[in-house]
Each structure stands twice: as C-alpha cells, then as structure tokens.
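**Q** Here it is, the structure in full.
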Amino acid sequence: MDKLQSLTKANPPTWLKILVISLIGLGIFFRFTHLGQKVYWYDEIATSLAISGHTLAEVKQEVFSNWGNNQDVISAITLDKYQHINSDRSVVDTVRYLITSDPQHPPLYYVMVRLWAQVFGDFPAGVRSLSAVISLLIFPSVYWLCLELFESSLVGWVAMAVMGISPLQIFFAQDAREYGLWMVTILVSSAALLRAIRRENFWSWAVYGLVLTLGLYTHLLTVMVAIAHGIYIVITQKFRFDKTLRHYLLSSIAACVMFLPWLIVLITKVHTATNLLSWITFKTDSPFDLIGIWLSRISRIFFDFNLASDDAWVNNLASESPLIYSIPTIIFSLFLIIYIIIFLSDRRSINTTLFILLLGGFPGLTFLLYDLIFGGIRSIYFRYQLPLYLSIQIAVIYILVFYLVLGKNWQKNLCQIMAVGLLIFGLVSDVRYFQAETWWPQIGGKNLLAMSQLINQSNSILLVSNKNDYNLGVILTLSHNLNPKIGLITIQNDQLPIIPQDYNPIFFVDDLENNLAHQLENDKTNSLKLVYPLEGFWQLDKNQKT
C-alpha cells in the first residue's frame, strides 16, 4: 500500500511533461490535417443529409417523382442540395430528419454539426472539423478520470500522451459522426460519478445526471455505461439501499426524464430503427471466428496498419484481415486482457478494479455473449465497443506507469521497451492514416472510391433506382466523388428508361434479388457484369454480348 501512496504523490517530471505536450501536439496535427482527404463514406452521407434538413422520404419524392417525369439526363451535381445546407431549412428540419429517417441516432451531435456547418462550411473537411475539435476534449476528460480513479496526476499525464497518438482517437477525430463526442461523455460521466461518490453533495450528483443526459442524447448505448455505473455502486455499497445508491438512482431517473422526449420518438419509430439496424443480425461462420475478430480488433486501439477488410459483413477471420496479421493481434489482445485482470486484482483496491472491469467488460461482454447465443455481429462493430476500448487503454496506461515508477529494475526496463514500442507503433499507424484515402472502419470505402473512379473514367451515366433506400444512399455517397458532368437517369419501379445511344458503358446499383439486373441480362444486346457484389454495383456494356 505504501507503494501505491508513493505513486499517488508522484508528480510528472519536467521532461515527461515536455514529451506529453509534444505527443499531444503531434496528435493535434494528425487530427486536423487532411480532413478532406479520406473518402466521404456511407455513414457520413447520412450526417450531411441531416445537415441539409431533407428527410429520406422527401429525397425519394423529389428525385423520383420530379425527375421521373422525363427521360432527360441530369447532372450528378443536382444531388448536391441533399448534401449541403439549404437556406429554406433549419435546425428543426435536421431534427425532423432524425425523427423520420434515423431515429436510433439521438440529436445532440447532429444539431451541433448543423450549427457548426453554418459557420465553418458544409463540405467534408468543414463537417469533420467539428469531430476534430471535440476530440481535443479527450485530453482533459481522460486526465480527470485518471485523477478520480487512481488519484495520480502522473497517470493522467501519460494517459493524455497515449490518447494523443492512439489510432482509435485519430480516426474518430476525422469521422463526421457522433462517436468522438460519445467517448468524451463516457469519460466525463465516469469521472463525474466517482467524484459524486467521493463528495456526496447535490451539485456533484447534478453534474453526473447532466452529463449522463448529454451522453444519452449522443448515443443510445450510453444506457450500457449507466447500467455499468449502477452495478458498480450496488456492489461497492454491499447491496444496501444507502445514500449513495439513492443519489445514483435519483440522478439516473432525472437523466431518463430529460431524455424522455427522444425515448418517445424511438418508441414510436421503433420499426424504422430496427429496419436500419437489420444488418447486425448477420452471422459469422463460427463462434471462433466471432471471438477471433473481436480480439483482433482490440489491438487496433494501440496500433492499426489498415490491413483489415472494410466489408460490413465479414463472415470469418480470414476475410476480416490476413491471418499473418490477425493471429498475432489475437494473441496480443488475449494476453493483454488476462494480464489486466490479474494485475488490477492484485495491486489495486477492489473498487478501482471493479470500476474498470465493469465500464468496459459489461458492454463489451454483453454484446459478445448475445452474439454467441443468438447470433449477430454487434460485438465486432467497432463503434459499439468504445467503452471497452477506453477501459483497456486506461488500464494499460496505469500498468505501464506503475512498473516504470515502482517496478524492479528488470520490470522498469521491460516496460520502457513496451512503452517505446507502443509509441512507435502508434505513430506509424498515424502516419499510415495520414497518407491513406480510405480506412477500414469506413465500411465499403475502398469500393465506393473505386466505383466513382470507374464512372469518371468512362464519362458515362449512372442509373438511379428507387428500389430501396440503400441504393439511394450509395448514389449520394458516389456523388461526392463524381465528375459534375456525369449524367444521372432515374428508374421507376424497374422500368428501364430510354438511354441515349452515345452512353456506353452504363452503371447502376441494384440488389441481386431485384428485377432490373435480370431484365438487362435477358436482353441479348447487353453484356452485364457485377463489378462490386457487396454494393450491388453493375456495369452494362451495350451491343457487346455475343
């Protein structure tokens, strides 16, 4: 215990502060440079659609009813109105889009990004810059949590350095979605809870309730974080209904009451939300593949070389990433998790160990066990596991600091090597991210970029089908990279339009089960090729089939 007290009292030396500030500076550089370089992918298109204030139903109505009255070729730039701010639409319309078209995403981030885009621009770099600014809040947030959890400013300083160059943090700092903000609310709500337990006064619990509310309005899975907090209090208070548990329940109930307006929206629009989340029921080939992918992805919070597949539906470990890469990362992650549990159980108070294990373990293992029992890929969806990833990062940071300060000589030397290794691997990952046009969590990003390049090179036309919402989303995604002169022709209910003879080849997006592709294939004057099966992207060459 004396060792732990000496660690608590240890102040970071000047050289460490300089190093941490330098790494934070590098992290800021990687967060704010090349904001517009990465492909603007499918999920980010939904953010821009929300900014525009158009609902999905309105887009379909305007595109297919208004454009479908004639067979004219329309410029791809016509789709811009659905990806940029419109003067006749307001923040209220952004919220209306979420209510009608995307209710599983609460409105806080989208209201913020709409207001942000009005000032800093609604082009990809302008929209993403909000996430980059939000990511800076990670530094004070993780520092505060480390102070509350370990009572050590030294751990807090090292935590800021690790967060500065973490490829996980860099990616979400340049992603126009709410996940960077969600990580901030996870850290701040956890620190606020520990502070409220320690101080036991009204204002501390009020702060916790407020931050929890902001978390709920950022992402629905904040519920899992709140439950983990509740389990922690119940166990640490030895299952007694005492003052601390009562205050937690009152704060949580207050947060739920403030979240009630959106909860009502979610209940009334539950069918829309479940349809949009139907992809999570996809199954891997075996439980071993699921566990392997789950473990392999944990390693990417420290180093990530973009070797993984960006397919949404990976069904086995070999298709997720090369085995020569995934197997070592699985071993690394498995060893890391086991050692974290052993170390925290031996060297910290039960409360600290319990908090870290519950904050990450409860959401992470709940999804994993659910998928193993009932099927699905919730547990390997990178964004859903952010509480687990943050917990692992914090635990590793504490272990390194503990041994570097209090370990024996051989332990200090080993941890110095490990710290330098993680630093180098993290920076290499950041440089690769800096240079890349796509990154693996950008689902389908590589194919979408290649599809737009293929269309641009051909200088042909793209058929826009009203068959399903996904097809329209792909077209909107492609529109960000298409030459403005590329033509669009709408298709009504698989009824082929009259296509001008001078366009060849022709491209379109269509489900394998739908009739359009079959119609074209049965026409003996056409040669049809499925170029990208996952996106349903077809190329039609006229007068080529023999």
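In the structure tokens, each chain is lettered A, B, ... as it comes, each chain's residues begin at 1, and ligands are numbered from 1 in order of appearance.
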Could you produce a table of the residues of stretch 143-166 of chain A lying within 8 Å of stretch 390-404 of chain A, with the nearest pair of atoms per residue and their separation in Å rounded to one decimal, using only C-alpha atoms, ordered by chain and increasing residue number, as a Markdown table?
**A**
```
| residue | atom | partner | partner_atom | distance |
| --- | --- | --- | --- | --- |
| A:Cys146 | CA | A:Ile394 | CA | 7.8 |
| A:Leu154 | CA | A:Val401 | CA | 7.7 |
| A:Val155 | CA | A:Tyr398 | CA | 6.1 |
| A:Val158 | CA | A:Ile397 | CA | 6.8 |
| A:Ala159 | CA | A:Ile397 | CA | 6.1 |
| A:Val162 | CA | A:Ile397 | CA | 7.7 |
```
**Q** Just N, CA and C atoms for this one: save the residues we selected as a compact mmCIF listing (two decimals), in the first residue's frame.
**A**
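Dumped everything to result-v6.txt:
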```
# COMPACT_ATOMS: atom_id res chain seq x y z
N CYS A 146 -8.56 9.75 -14.67
CA CYS A 146 -7.40 9.13 -14.02
C CYS A 146 -7.16 9.70 -12.62
N LEU A 154 0.31 11.78 -12.43
CA LEU A 154 1.29 11.16 -13.33
C LEU A 154 0.59 10.24 -14.33
N VAL A 155 -0.34 9.42 -13.85
CA VAL A 155 -1.11 8.55 -14.74
C VAL A 155 -1.92 9.40 -15.73
N VAL A 158 0.35 10.68 -18.60
CA VAL A 158 0.67 9.61 -19.56
C VAL A 158 -0.56 9.25 -20.38
N ALA A 159 -1.73 9.26 -19.74
CA ALA A 159 -2.98 8.95 -20.45
C ALA A 159 -3.21 9.95 -21.59
N VAL A 162 -0.96 8.98 -24.52
CA VAL A 162 -1.45 7.80 -25.24
C VAL A 162 -2.66 8.16 -26.09
```
**Q** Taking 5 positions as the minimum chain separation for residues in the same chain, which residues sit within 12 Å of A:Ala161 when counting only C-alpha atoms? Answer as a PyMOL selection string.
**A** chain A and resi 16-28+138-140+142-143+154-156+166+169+393-394+397+419+422-423+426-427
**Q** Quick one: which stretch 125-211 of chain A residues come within 10 Å of stretch 102-119 of chain A, and what is the nearest atom pair for each with the distance in Å to one decimal, counting only C-alpha atoms, rows ordered by chain and ascending number, as a tab-separated table?
**A**
```
residue	atom	partner	partner_atom	distance
A:Gly126	CA	A:Ala117	CA	6.5
A:Val127	CA	A:Ala117	CA	5.9
A:Arg128	CA	A:Val113	CA	8.8
A:Ser129	CA	A:Trp116	CA	8.9
A:Leu130	CA	A:Val113	CA	6.7
A:Ser131	CA	A:Val113	CA	8.7
A:Ala176	CA	A:Val113	CA	8.5
A:Arg177	CA	A:Tyr109	CA	7.6
A:Glu178	CA	A:Tyr109	CA	5.6
A:Tyr179	CA	A:Tyr109	CA	9.1
A:Gly180	CA	A:Tyr109	CA	9.7
A:Leu181	CA	A:Tyr109	CA	7.4
A:Trp182	CA	A:Tyr109	CA	9.1
```
**Q** Convert the current residue selection to file output with N, CA and C atoms, as a CSV table (one decimal), in the first residue's frame.
**A**
```csv
chain,number,residue,atom,x,y,z
A,126,GLY,N,-15.1,20.7,-43.6
A,126,GLY,CA,-15.7,21.6,-42.6
A,126,GLY,C,-16.6,20.8,-41.7
A,127,VAL,N,-17.3,19.8,-42.2
A,127,VAL,CA,-18.2,19.0,-41.3
A,127,VAL,C,-17.3,18.1,-40.3
A,128,ARG,N,-16.2,17.6,-40.8
A,128,ARG,CA,-15.4,16.7,-40.0
A,128,ARG,C,-14.6,17.5,-39.0
A,129,SER,N,-14.4,18.8,-39.2
A,129,SER,CA,-13.6,19.6,-38.3
A,129,SER,C,-14.3,19.7,-36.9
A,130,LEU,N,-15.6,19.6,-36.8
A,130,LEU,CA,-16.2,19.6,-35.5
A,130,LEU,C,-15.8,18.4,-34.7
A,131,SER,N,-15.7,17.2,-35.3
A,131,SER,CA,-15.2,16.0,-34.6
A,131,SER,C,-13.8,16.2,-34.2
A,176,ALA,N,-17.2,12.2,-39.5
A,176,ALA,CA,-18.3,13.1,-39.2
A,176,ALA,C,-19.5,12.4,-38.7
A,177,ARG,N,-19.2,11.8,-37.5
A,177,ARG,CA,-20.3,11.1,-36.8
A,177,ARG,C,-20.1,11.4,-35.3
A,178,GLU,N,-21.0,10.9,-34.5
A,178,GLU,CA,-21.1,11.3,-33.1
A,178,GLU,C,-20.2,10.5,-32.1
A,179,TYR,N,-19.4,9.6,-32.6
A,179,TYR,CA,-18.7,8.7,-31.7
A,179,TYR,C,-17.5,9.3,-30.9
A,180,GLY,N,-16.9,10.4,-31.5
A,180,GLY,CA,-15.9,11.1,-30.7
A,180,GLY,C,-16.5,11.8,-29.5
A,181,LEU,N,-17.7,12.4,-29.7
A,181,LEU,CA,-18.4,13.0,-28.6
A,181,LEU,C,-18.9,12.0,-27.6
A,182,TRP,N,-19.3,10.8,-28.1
A,182,TRP,CA,-19.7,9.8,-27.2
A,182,TRP,C,-18.6,9.4,-26.3
```
**Q** Counting only C-alpha atoms, which of A:Val223, A:Ile380, A:Ser252, A:Pro167 gets nearest to A:Val207?
**A**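 Going through A:Val223, A:Ile380, A:Ser252, A:Pro167 one by one, the smallest distance to A:Val207 is for A:Ser252.
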**Q** Considering only C-alpha atoms, can you say which of A:Leu369, A:Leu35, A:Ile377, A:Ile267 comes closest to A:Ile280?
**A**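 Answer, going by the shortest atom-to-atom distance: A:Ile377.
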**Q** Mind the document's chain letters and residue numbers, and return as a ChimeraX atom specification the residues of stretch 23-170 of chain A that DSSP labels alpha helix (DSSP H).
**A** /A:23-32,42-52,56-61,91-101,108-120,124-135,138-150,153-165,167-170
**Q** Which one is closest to A:Ile327: A:Leu478, A:Ile74, A:Ile293, A:Leu221? Count only C-alpha atoms.
**A**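 So, comparing all the options, the nearest one is A:Ile293.
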**Q** Quick one: residues within 12 Å of A:Thr329, only C-alpha atoms counted, chain neighbours fewer than 5 positions away excluded, as a list in words?
**A**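 Listing them by chain and then by number gives Gly292, Ile293, Trp294, Leu295, Ser296, Arg297, Ile298, Ser299, Arg300, Ile301, Phe302, Phe303, Asp304, Phe305, Leu307, Ala308, Leu317, Ser321, Pro322, Leu323, Ile324, Leu334, Phe335 and Leu336 of chain A.
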**Q** Quick one: write out the picked residues with N, CA, C and O atoms as a tab-separated table (two decimals), in the first residue's frame?
**A**
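Wrote again-v7.tsv, looks like this:
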```tsv
chain	number	residue	atom	x	y	z
A	292	GLY	N	-12.43	-14.45	-32.51
A	292	GLY	CA	-11.15	-14.06	-33.09
A	292	GLY	C	-11.18	-12.63	-33.61
A	292	GLY	O	-10.24	-11.85	-33.38
A	293	ILE	N	-12.24	-12.27	-34.33
A	293	ILE	CA	-12.36	-10.90	-34.85
A	293	ILE	C	-12.49	-9.91	-33.69
A	293	ILE	O	-11.89	-8.83	-33.71
A	294	TRP	N	-13.27	-10.27	-32.69
A	294	TRP	CA	-13.46	-9.40	-31.51
A	294	TRP	C	-12.12	-9.11	-30.83
A	294	TRP	O	-11.82	-7.97	-30.48
A	295	LEU	N	-11.30	-10.15	-30.67
A	295	LEU	CA	-9.99	-9.98	-30.03
A	295	LEU	C	-9.03	-9.20	-30.93
A	295	LEU	O	-8.30	-8.31	-30.46
A	296	SER	N	-9.03	-9.52	-32.21
A	296	SER	CA	-8.11	-8.86	-33.13
A	296	SER	C	-8.35	-7.35	-33.17
A	296	SER	O	-7.40	-6.56	-33.20
A	297	ARG	N	-9.59	-6.94	-33.11
A	297	ARG	CA	-9.91	-5.52	-33.22
A	297	ARG	C	-9.53	-4.74	-31.96
A	297	ARG	O	-9.37	-3.52	-32.01
A	298	ILE	N	-9.40	-5.42	-30.84
A	298	ILE	CA	-8.96	-4.74	-29.61
A	298	ILE	C	-7.57	-4.16	-29.80
A	298	ILE	O	-7.27	-3.05	-29.32
A	299	SER	N	-6.70	-4.88	-30.51
A	299	SER	CA	-5.31	-4.41	-30.68
A	299	SER	C	-5.25	-3.08	-31.42
A	299	SER	O	-4.28	-2.33	-31.28
A	300	ARG	N	-6.28	-2.77	-32.20
A	300	ARG	CA	-6.23	-1.58	-33.06
A	300	ARG	C	-6.44	-0.28	-32.30
A	300	ARG	O	-6.38	0.80	-32.89
A	301	ILE	N	-6.68	-0.37	-31.00
A	301	ILE	CA	-6.73	0.86	-30.21
A	301	ILE	C	-5.31	1.37	-29.94
A	301	ILE	O	-5.13	2.54	-29.59
A	302	PHE	N	-4.31	0.50	-30.13
A	302	PHE	CA	-2.91	0.90	-29.92
A	302	PHE	C	-2.13	0.99	-31.23
A	302	PHE	O	-1.30	1.86	-31.39
A	303	PHE	N	-2.37	0.07	-32.15
A	303	PHE	CA	-1.71	0.12	-33.45
A	303	PHE	C	-2.67	-0.44	-34.51
A	303	PHE	O	-3.39	-1.40	-34.28
A	304	ASP	N	-2.66	0.20	-35.66
A	304	ASP	CA	-3.60	-0.15	-36.71
A	304	ASP	C	-2.95	0.20	-38.05
A	304	ASP	O	-2.71	1.36	-38.34
A	305	PHE	N	-2.67	-0.83	-38.86
A	305	PHE	CA	-1.97	-0.62	-40.13
A	305	PHE	C	-2.91	-0.70	-41.33
A	305	PHE	O	-2.47	-0.86	-42.46
A	307	LEU	N	-4.92	-3.01	-42.37
A	307	LEU	CA	-4.86	-4.27	-43.09
A	307	LEU	C	-6.17	-5.03	-43.06
A	307	LEU	O	-6.32	-6.06	-43.72
A	308	ALA	N	-7.15	-4.52	-42.30
A	308	ALA	CA	-8.42	-5.20	-42.16
A	308	ALA	C	-9.34	-4.88	-43.34
A	308	ALA	O	-9.19	-3.86	-44.01
A	317	LEU	N	-12.58	-15.10	-39.91
A	317	LEU	CA	-11.37	-14.38	-39.53
A	317	LEU	C	-10.49	-14.10	-40.73
A	317	LEU	O	-9.90	-13.01	-40.85
A	321	SER	N	-9.09	-9.99	-42.01
A	321	SER	CA	-7.74	-9.47	-42.20
A	321	SER	C	-6.81	-10.65	-42.46
A	321	SER	O	-7.14	-11.80	-42.13
A	322	PRO	N	-5.63	-10.43	-43.05
A	322	PRO	CA	-4.71	-11.54	-43.30
A	322	PRO	C	-4.35	-12.27	-42.00
A	322	PRO	O	-4.08	-11.63	-40.98
A	323	LEU	N	-4.34	-13.59	-42.05
A	323	LEU	CA	-4.08	-14.37	-40.85
A	323	LEU	C	-2.70	-14.08	-40.25
A	323	LEU	O	-2.51	-14.15	-39.04
A	324	ILE	N	-1.74	-13.74	-41.11
A	324	ILE	CA	-0.40	-13.43	-40.61
A	324	ILE	C	-0.42	-12.17	-39.73
A	324	ILE	O	0.48	-11.95	-38.92
A	334	LEU	N	-5.50	-11.19	-26.24
A	334	LEU	CA	-5.86	-12.17	-25.22
A	334	LEU	C	-4.93	-12.07	-24.02
A	334	LEU	O	-5.38	-12.05	-22.85
A	335	PHE	N	-3.64	-11.99	-24.28
A	335	PHE	CA	-2.67	-11.83	-23.20
A	335	PHE	C	-2.92	-10.54	-22.43
A	335	PHE	O	-2.86	-10.50	-21.20
A	336	LEU	N	-3.21	-9.47	-23.16
A	336	LEU	CA	-3.43	-8.17	-22.55
A	336	LEU	C	-4.62	-8.19	-21.60
A	336	LEU	O	-4.53	-7.71	-20.46
```
**Q** Please provide as a PDB file with N, CA, C and O atoms, in the first residue's frame all residues within 12 Å of A:Leu98, with the sequence filter that same-chain residues fewer than 6 positions apart are discarded (counting only C-alpha atoms).
**A**
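This went into out.pdb:
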```pdb
ATOM      1  N   ALA A  46     -25.097  10.252 -44.362  1.00  0.00           N
ATOM      2  CA  ALA A  46     -26.294  10.441 -43.535  1.00  0.00           C
ATOM      3  C   ALA A  46     -26.169  11.706 -42.693  1.00  0.00           C
ATOM      4  O   ALA A  46     -27.163  12.411 -42.465  1.00  0.00           O
ATOM      5  N   THR A  47     -24.953  12.013 -42.227  1.00  0.00           N
ATOM      6  CA  THR A  47     -24.742  13.257 -41.481  1.00  0.00           C
ATOM      7  C   THR A  47     -25.026  14.470 -42.369  1.00  0.00           C
ATOM      8  O   THR A  47     -25.713  15.411 -41.953  1.00  0.00           O
ATOM      9  N   SER A  48     -24.515  14.461 -43.586  1.00  0.00           N
ATOM     10  CA  SER A  48     -24.746  15.581 -44.499  1.00  0.00           C
ATOM     11  C   SER A  48     -26.212  15.686 -44.900  1.00  0.00           C
ATOM     12  O   SER A  48     -26.728  16.790 -45.093  1.00  0.00           O
ATOM     13  N   LEU A  49     -26.881  14.546 -45.026  1.00  0.00           N
ATOM     14  CA  LEU A  49     -28.317  14.570 -45.323  1.00  0.00           C
ATOM     15  C   LEU A  49     -29.080  15.215 -44.168  1.00  0.00           C
ATOM     16  O   LEU A  49     -30.013  16.002 -44.386  1.00  0.00           O
ATOM     17  N   ALA A  50     -28.653  14.902 -42.936  1.00  0.00           N
ATOM     18  CA  ALA A  50     -29.283  15.533 -41.767  1.00  0.00           C
ATOM     19  C   ALA A  50     -29.035  17.039 -41.773  1.00  0.00           C
ATOM     20  O   ALA A  50     -29.935  17.831 -41.459  1.00  0.00           O
ATOM     21  N   ILE A  51     -27.812  17.446 -42.137  1.00  0.00           N
ATOM     22  CA  ILE A  51     -27.486  18.867 -42.198  1.00  0.00           C
ATOM     23  C   ILE A  51     -28.368  19.589 -43.217  1.00  0.00           C
ATOM     24  O   ILE A  51     -28.803  20.717 -43.004  1.00  0.00           O
ATOM     25  N   SER A  52     -28.629  18.916 -44.342  1.00  0.00           N
ATOM     26  CA  SER A  52     -29.430  19.544 -45.393  1.00  0.00           C
ATOM     27  C   SER A  52     -30.864  19.808 -44.955  1.00  0.00           C
ATOM     28  O   SER A  52     -31.536  20.680 -45.501  1.00  0.00           O
ATOM     29  N   GLY A  53     -31.339  19.028 -43.971  1.00  0.00           N
ATOM     30  CA  GLY A  53     -32.701  19.200 -43.493  1.00  0.00           C
ATOM     31  C   GLY A  53     -33.739  18.436 -44.282  1.00  0.00           C
ATOM     32  O   GLY A  53     -34.933  18.478 -43.961  1.00  0.00           O
ATOM     33  N   HIS A  54     -33.319  17.711 -45.305  1.00  0.00           N
ATOM     34  CA  HIS A  54     -34.247  16.898 -46.094  1.00  0.00           C
ATOM     35  C   HIS A  54     -34.412  15.533 -45.436  1.00  0.00           C
ATOM     36  O   HIS A  54     -33.426  14.906 -45.035  1.00  0.00           O
ATOM     37  N   THR A  55     -35.622  15.054 -45.338  1.00  0.00           N
ATOM     38  CA  THR A  55     -35.838  13.688 -44.871  1.00  0.00           C
ATOM     39  C   THR A  55     -35.615  12.738 -46.032  1.00  0.00           C
ATOM     40  O   THR A  55     -35.639  13.138 -47.210  1.00  0.00           O
ATOM     41  N   LEU A  56     -35.412  11.464 -45.712  1.00  0.00           N
ATOM     42  CA  LEU A  56     -35.196  10.468 -46.753  1.00  0.00           C
ATOM     43  C   LEU A  56     -36.416  10.363 -47.663  1.00  0.00           C
ATOM     44  O   LEU A  56     -36.290  10.223 -48.888  1.00  0.00           O
ATOM     45  N   ALA A  57     -37.603  10.448 -47.082  1.00  0.00           N
ATOM     46  CA  ALA A  57     -38.831  10.371 -47.881  1.00  0.00           C
ATOM     47  C   ALA A  57     -38.909  11.545 -48.854  1.00  0.00           C
ATOM     48  O   ALA A  57     -39.340  11.379 -50.008  1.00  0.00           O
ATOM     49  N   VAL A  91     -32.367  24.077 -38.220  1.00  0.00           N
ATOM     50  CA  VAL A  91     -32.007  23.017 -37.273  1.00  0.00           C
ATOM     51  C   VAL A  91     -33.217  22.135 -36.973  1.00  0.00           C
ATOM     52  O   VAL A  91     -33.077  20.919 -36.781  1.00  0.00           O
ATOM     53  N   VAL A  92     -34.380  22.726 -36.955  1.00  0.00           N
ATOM     54  CA  VAL A  92     -35.607  21.954 -36.715  1.00  0.00           C
ATOM     55  C   VAL A  92     -35.776  20.872 -37.775  1.00  0.00           C
ATOM     56  O   VAL A  92     -36.183  19.748 -37.473  1.00  0.00           O
ATOM     57  N   GLN A 104     -32.663   6.052 -34.431  1.00  0.00           N
ATOM     58  CA  GLN A 104     -31.733   5.417 -33.491  1.00  0.00           C
ATOM     59  C   GLN A 104     -30.535   6.286 -33.179  1.00  0.00           C
ATOM     60  O   GLN A 104     -29.723   5.949 -32.320  1.00  0.00           O
ATOM     61  N   HIS A 105     -30.426   7.429 -33.858  1.00  0.00           N
ATOM     62  CA  HIS A 105     -29.357   8.379 -33.579  1.00  0.00           C
ATOM     63  C   HIS A 105     -29.951   9.604 -32.892  1.00  0.00           C
ATOM     64  O   HIS A 105     -30.640  10.405 -33.528  1.00  0.00           O
ATOM     65  N   PRO A 106     -29.684   9.793 -31.588  1.00  0.00           N
ATOM     66  CA  PRO A 106     -30.199  10.972 -30.873  1.00  0.00           C
ATOM     67  C   PRO A 106     -29.636  12.262 -31.473  1.00  0.00           C
ATOM     68  O   PRO A 106     -28.620  12.247 -32.172  1.00  0.00           O
ATOM     69  N   PRO A 107     -30.249  13.406 -31.183  1.00  0.00           N
ATOM     70  CA  PRO A 107     -29.981  14.607 -31.980  1.00  0.00           C
ATOM     71  C   PRO A 107     -28.815  15.500 -31.555  1.00  0.00           C
ATOM     72  O   PRO A 107     -28.495  16.431 -32.292  1.00  0.00           O
ATOM     73  N   LEU A 108     -28.191  15.284 -30.396  1.00  0.00           N
ATOM     74  CA  LEU A 108     -27.233  16.276 -29.894  1.00  0.00           C
ATOM     75  C   LEU A 108     -26.124  16.575 -30.895  1.00  0.00           C
ATOM     76  O   LEU A 108     -25.884  17.732 -31.248  1.00  0.00           O
ATOM     77  N   TYR A 109     -25.423  15.544 -31.363  1.00  0.00           N
ATOM     78  CA  TYR A 109     -24.312  15.775 -32.294  1.00  0.00           C
ATOM     79  C   TYR A 109     -24.804  16.426 -33.580  1.00  0.00           C
ATOM     80  O   TYR A 109     -24.144  17.331 -34.125  1.00  0.00           O
ATOM     81  N   TYR A 110     -25.953  15.992 -34.069  1.00  0.00           N
ATOM     82  CA  TYR A 110     -26.429  16.459 -35.380  1.00  0.00           C
ATOM     83  C   TYR A 110     -26.897  17.911 -35.324  1.00  0.00           C
ATOM     84  O   TYR A 110     -26.741  18.649 -36.302  1.00  0.00           O
ATOM     85  N   VAL A 111     -27.437  18.318 -34.193  1.00  0.00           N
ATOM     86  CA  VAL A 111     -27.755  19.738 -34.010  1.00  0.00           C
ATOM     87  C   VAL A 111     -26.463  20.547 -33.954  1.00  0.00           C
ATOM     88  O   VAL A 111     -26.348  21.621 -34.567  1.00  0.00           O
ATOM     89  N   TRP A 262     -36.911  12.085 -26.555  1.00  0.00           N
ATOM     90  CA  TRP A 262     -36.359  11.240 -27.628  1.00  0.00           C
ATOM     91  C   TRP A 262     -36.707   9.770 -27.430  1.00  0.00           C
ATOM     92  O   TRP A 262     -36.827   9.015 -28.406  1.00  0.00           O
ATOM     93  N   VAL A 265     -39.839   9.322 -29.180  1.00  0.00           N
ATOM     94  CA  VAL A 265     -39.576   9.238 -30.625  1.00  0.00           C
ATOM     95  C   VAL A 265     -39.119   7.833 -30.989  1.00  0.00           C
ATOM     96  O   VAL A 265     -39.610   7.228 -31.964  1.00  0.00           O
ATOM     97  N   LEU A 266     -38.196   7.295 -30.212  1.00  0.00           N
ATOM     98  CA  LEU A 266     -37.646   5.973 -30.502  1.00  0.00           C
ATOM     99  C   LEU A 266     -38.728   4.897 -30.430  1.00  0.00           C
ATOM    100  O   LEU A 266     -38.772   3.985 -31.272  1.00  0.00           O
ATOM    101  N   LYS A 269     -41.046   5.208 -33.414  1.00  0.00           N
ATOM    102  CA  LYS A 269     -40.376   4.918 -34.677  1.00  0.00           C
ATOM    103  C   LYS A 269     -39.504   3.663 -34.581  1.00  0.00           C
ATOM    104  O   LYS A 269     -38.537   3.517 -35.326  1.00  0.00           O
ATOM    105  N   THR A 272     -38.812   1.727 -37.867  1.00  0.00           N
ATOM    106  CA  THR A 272     -37.795   2.348 -38.724  1.00  0.00           C
ATOM    107  C   THR A 272     -36.396   2.053 -38.207  1.00  0.00           C
ATOM    108  O   THR A 272     -35.491   1.708 -38.976  1.00  0.00           O
ATOM    109  N   ALA A 273     -36.217   2.189 -36.887  1.00  0.00           N
ATOM    110  CA  ALA A 273     -34.900   1.969 -36.289  1.00  0.00           C
ATOM    111  C   ALA A 273     -34.446   0.528 -36.455  1.00  0.00           C
ATOM    112  O   ALA A 273     -33.284   0.265 -36.810  1.00  0.00           O
TER     113      ALA A 273
END
```
**Q** Could you state the separation of atom CA of A:Asp510 and atom CA of A:Phe64 in Å, given to one decimal place?
**A** 15.7 Å
**Q** Please determine, counting only C-alpha atoms, which residue among A:Gln61, A:Thr33, A:Asn447, A:Thr284 has the shortest atom-to-atom distance to A:Asp311.
**A**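 Between A:Gln61, A:Thr33, A:Asn447, A:Thr284, the residue approaching A:Asp311 most closely is A:Asn447.
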**Q** I'd like the contact shell of stretch 212-214 of chain A - 8 Å cut-off, only C-alpha atoms, skipping same-chain residues fewer than 5 positions apart - returned as an MDAnalysis selection string.
**A** chainID A and resid 108 185 189 222 226 252 255:256 258:259
**Q** Leaving out A:Tyr433 and any residue of its chain fewer than 2 positions from it, which residues lie within 8 Å of it when counting only C-alpha atoms, given as a PyMOL selection string?
**A** chain A and resi 167+171+305-306+429-431+435-436+439
**Q** Separation of atom CA of A:Phe374 and atom CA of A:Ile338, in Å?
**A**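 So the two atoms, atom CA of A:Phe374 and atom CA of A:Ile338, lie 25.7 Å apart.
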**Q** Excluding A:Ala196 and any residue of its chain fewer than 2 positions from it, enumerate the residues within 10 Å of it, using only C-alpha atoms, and give them as a list in words.
**A** Ser190, Ala191, Ala192, Leu193, Leu194, Arg198, Arg199, Glu200, Asn201, Phe202, Trp203, Ser204, Trp205, Ala206, Val207, Tyr208, Thr244, His247 and Tyr248 of chain A
**Q** Between atom CA of A:Lys38 and atom CA of A:Asp122, what is the distance in Å, rounded to a tenth?
**A** 15.6 Å
